[in-house]
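A.B. asks: Handing over coords-v3.cif, mmCIF, C-alpha atoms.
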data_protein
loop_
_atom_site.label_atom_id
_atom_site.label_comp_id
_atom_site.auth_asym_id
_atom_site.auth_seq_id
_atom_site.Cartn_x
_atom_site.Cartn_y
_atom_site.Cartn_z
CA MET B 1 196.14 89.84 64.19
CA ASN B 2 193.39 88.11 66.13
CA PHE B 3 193.10 86.03 69.27
CA THR B 4 194.21 82.85 67.51
CA ALA B 5 197.33 84.31 65.89
CA ILE B 6 199.56 82.35 68.27
CA ILE B 7 198.24 79.15 66.69
CA TYR B 8 200.29 79.74 63.52
CA PRO B 9 203.73 79.29 65.09
CA LEU B 10 202.28 76.39 67.09
CA LEU B 11 201.15 74.74 63.84
CA ALA B 12 204.56 75.42 62.29
CA GLN B 13 206.20 73.57 65.18
CA VAL B 14 203.78 70.68 64.72
CA ALA B 15 204.61 70.64 60.99
CA LEU B 16 208.33 70.47 61.81
CA THR B 17 207.63 67.47 64.04
CA PHE B 18 205.75 65.70 61.24
CA VAL B 19 208.49 66.48 58.71
CA LEU B 20 211.06 64.95 61.05
CA MET B 21 208.82 61.94 61.67
CA PHE B 22 208.57 61.25 57.93
CA ALA B 23 212.32 61.82 57.46
CA MET B 24 213.02 59.35 60.26
CA ALA B 25 210.68 56.76 58.74
CA PHE B 26 212.16 57.25 55.27
CA ASN B 27 215.72 56.87 56.58
CA ARG B 28 214.84 53.76 58.57
CA VAL B 29 213.08 52.07 55.66
CA LYS B 30 215.86 52.98 53.23
CA ALA B 31 218.51 51.59 55.60
CA ALA B 32 216.46 48.41 56.18
CA GLN B 33 216.07 47.86 52.44
CA ALA B 34 219.84 48.24 52.08
CA ARG B 35 220.24 45.66 54.87
CA ARG B 36 222.26 48.10 56.99
CA TYR B 37 220.69 46.66 60.14
CA LYS B 38 218.61 43.70 61.21
CA LEU B 39 215.16 44.20 62.70
CA ARG B 40 216.00 42.04 65.71
CA ASP B 41 218.93 44.40 66.47
CA ILE B 42 216.68 47.45 66.78
CA ALA B 43 213.56 45.83 68.22
CA VAL B 44 214.47 46.82 71.78
CA ASN B 45 217.23 49.38 71.36
CA SER B 46 217.21 52.14 68.75
CA ALA B 47 220.90 52.78 69.49
CA ASN B 48 221.59 49.90 67.10
CA TYR B 49 220.48 51.88 64.06
CA PRO B 50 223.33 53.20 61.89
CA ASP B 51 224.50 56.66 63.03
CA ASP B 52 222.98 58.58 60.11
CA VAL B 53 219.61 56.89 60.67
CA ARG B 54 219.76 57.50 64.41
CA LYS B 55 220.31 61.25 63.86
CA SER B 56 216.90 61.74 62.28
CA GLY B 57 215.29 59.60 64.97
CA ASN B 58 216.98 61.57 67.73
CA SER B 59 215.87 64.84 66.14
CA TYR B 60 212.29 63.60 65.99
CA VAL B 61 212.33 62.46 69.63
CA ASN B 62 213.80 65.82 70.61
CA GLN B 63 210.58 67.49 69.42
CA PHE B 64 208.85 65.97 72.46
CA GLU B 65 211.16 67.57 74.98
CA LEU B 66 211.52 71.39 75.01
CA PRO B 67 208.71 72.00 72.47
CA VAL B 68 206.17 70.47 74.86
CA LEU B 69 206.55 73.59 77.04
CA PHE B 70 206.08 75.69 73.91
CA TYR B 71 202.83 73.92 73.05
CA LEU B 72 201.58 74.45 76.57
CA VAL B 73 202.40 78.15 76.72
CA CYS B 74 200.68 78.68 73.36
CA VAL B 75 197.54 76.93 74.56
CA VAL B 76 197.56 78.92 77.81
CA LEU B 77 197.97 82.13 75.80
CA MET B 78 195.03 81.19 73.56
CA ILE B 79 192.82 80.40 76.55
CA SER B 80 193.83 83.27 78.81
CA GLY B 81 193.71 85.99 76.19
CA PRO B 82 197.24 87.35 75.59
CA GLY B 83 197.56 85.24 72.42
CA ASN B 84 197.03 88.42 70.41
CA ASN B 85 200.05 90.16 71.94
CA LYS B 86 202.63 90.95 69.26
CA LEU B 87 205.53 90.29 71.65
CA TYR B 88 204.31 86.76 72.32
CA LEU B 89 203.82 86.21 68.63
CA MET B 90 207.36 87.38 67.81
CA LEU B 91 208.78 85.20 70.59
CA ALA B 92 206.78 82.20 69.37
CA TRP B 93 208.03 82.57 65.79
CA ALA B 94 211.57 83.05 67.07
CA PHE B 95 211.26 79.84 69.09
CA VAL B 96 210.07 77.93 66.03
CA ALA B 97 212.98 79.36 64.02
CA THR B 98 215.44 78.09 66.63
CA ARG B 99 213.83 74.65 66.49
CA ILE B 100 214.12 74.56 62.70
CA VAL B 101 217.79 75.52 62.93
CA HIS B 102 218.32 72.96 65.71
CA ALA B 103 216.68 70.20 63.66
CA PHE B 104 218.62 71.13 60.52
CA ILE B 105 221.92 70.96 62.40
CA HIS B 106 220.84 67.73 64.08
CA VAL B 107 220.11 65.87 60.84
CA THR B 108 223.02 67.28 58.81
CA SER B 109 226.40 68.07 60.37
CA ASN B 110 225.21 67.34 63.93
CA ASN B 111 227.73 69.89 65.17
CA VAL B 112 227.06 69.68 68.90
CA ILE B 113 228.25 73.20 69.74
CA ARG B 114 226.11 74.87 67.05
CA ARG B 115 223.19 72.63 67.95
CA PHE B 116 223.59 73.62 71.61
CA TYR B 117 223.50 77.32 70.74
CA ALA B 118 220.28 76.81 68.78
CA PHE B 119 218.83 74.87 71.71
CA LEU B 120 219.94 77.52 74.20
CA ALA B 121 218.42 80.34 72.14
CA GLY B 122 215.11 78.47 72.02
CA ALA B 123 215.23 77.74 75.74
CA ILE B 124 215.86 81.40 76.55
CA ILE B 125 212.98 82.47 74.31
CA LEU B 126 210.70 79.92 75.96
CA ILE B 127 211.74 81.07 79.45
CA ALA B 128 210.96 84.64 78.38
CA MET B 129 207.51 83.60 77.17
CA TRP B 130 206.72 81.80 80.41
CA GLY B 131 208.23 84.59 82.51
CA LEU B 132 206.20 87.24 80.74
CA LEU B 133 203.04 85.17 81.07
CA ALA B 134 203.67 84.56 84.78
CA PHE B 135 204.37 88.26 85.37
CA GLU B 136 201.18 89.30 83.57
CA GLN B 137 199.05 86.76 85.41
CA LEU B 138 200.50 87.51 88.85
CA THR B 139 200.32 91.31 88.61
#
Once you've parsed the file, please lay out its structure as structure tokens.

C.D. replies:
Amino acid sequence: MNFTAIIYPLLAQVALTFVLMFAMAFNRVKAAQARRYKLRDIAVNSANYPDDVRKSGNSYVNQFELPVLFYLVCVVLMISGPGNNKLYLMLAWAFVATRIVHAFIHVTSNNVIRRFYAFLAGAIILIAMWGLLAFEQLT
């Protein structure tokens, strides 16, 4: 493992975001072609998309919430040096795994309780990453 090893889970998270973006676009185009909504109805408010179409859009938008802190901690780790630490690397991959599970639940069953547990696990992992980084930098 080298200094840039932390970039691999970061790139996996970026890939997940792109997959969700394309899924959202595909679902929106497919629904538009089937005339399931009118463009004027969604021009200002995406809540007017059909529920199944809105799920993929919501999952995509969600990738710009909690994962933003993940991107930042990865960049800080690459710059400050601990990006080669195996614990950080394991935590980073675990975070990405929780985001994949969260996205899968979001676009399929959308079971809110299971989705929440996936979100919570990712949040705890991210807090651990930031806490460890803060501890190392402050001591």

A.B. asks: Measuring atom to atom with only C-alpha atoms, identify which of B:Leu72, B:Leu89, B:Val61, B:Ala94 is nearest to B:Phe18.

C.D. replies: B:Val61

A.B. asks: Take the point (202.7, 87.9, 80.9) as written in the file and pick out every residue within 12 Å of it, counting all atoms listed in the file; give the list as an NGL selection string.

C.D. replies: :B and (73 or 76-77 or 80-85 or 87-88 or 127-139)

A.B. asks: Find the smallest box with edges along x, y and z containing every listed atom of stretch 8-12 of chain B, then add 8 Å on each side and report centre and edge lengths in Å to one decimal, as lines of an AutoDock Vina configuration file.

C.D. replies:
center_x = 202.4
center_y = 77.2
center_z = 64.7
size_x = 20.3
size_y = 21.0
size_z = 20.8

A.B. asks: Carefully work through the PyMOL selection byres ((chain B and resi 56-60) around 10) for this structure and note down the residues it includes, as a ChimeraX atom specification.

C.D. replies: /B:16-28,46-47,49,51-55,61-65,102-108,110

A.B. asks: Quick one, how far is atom CA of B:Leu66 from atom CA of B:Ala118?

C.D. replies: 12.0 Å

A.B. asks: One number please: atom CA of B:Ala31 to atom CA of B:Arg115, in Å, one decimal.

C.D. replies: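 Computed distance, atom CA of B:Ala31 to atom CA of B:Arg115, equals 24.8 Å.
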
A.B. asks: Taking into account only C-alpha atoms, which residue in the set B:Ile100, B:Leu69, B:Ile79, B:Arg35 is nearest to B:Leu126?

C.D. replies: B:Leu69

A.B. asks: Between atom CA of B:Pro67 and atom CA of B:Lys30, what distance in Å does the model show, to one decimal?

C.D. replies: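 Going from atom CA of B:Pro67 over to atom CA of B:Lys30 covers 28.0 Å.
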
A.B. asks: Using all atoms listed in the file, which of B:Ala5, B:Val44, B:Leu39, B:Ala34 sits nearest B:Met90?

C.D. replies: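 Of B:Ala5, B:Val44, B:Leu39, B:Ala34, the one nearest B:Met90, counting all atoms listed in the file, is B:Ala5.
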
A.B. asks: Using the chain letters and numbers from this file, what does the PyMOL selection byres ((chain B and resi 95) around 8) select? Give the answer as a ChimeraX atom specification.

C.D. replies: /B:91-94,96-99,121-122,125-126

A.B. asks: Quick one: of B:Ala123, B:Val101, B:Val68, B:Val112, who's nearest to B:Val14, counting only C-alpha atoms?

C.D. replies: B:Val68
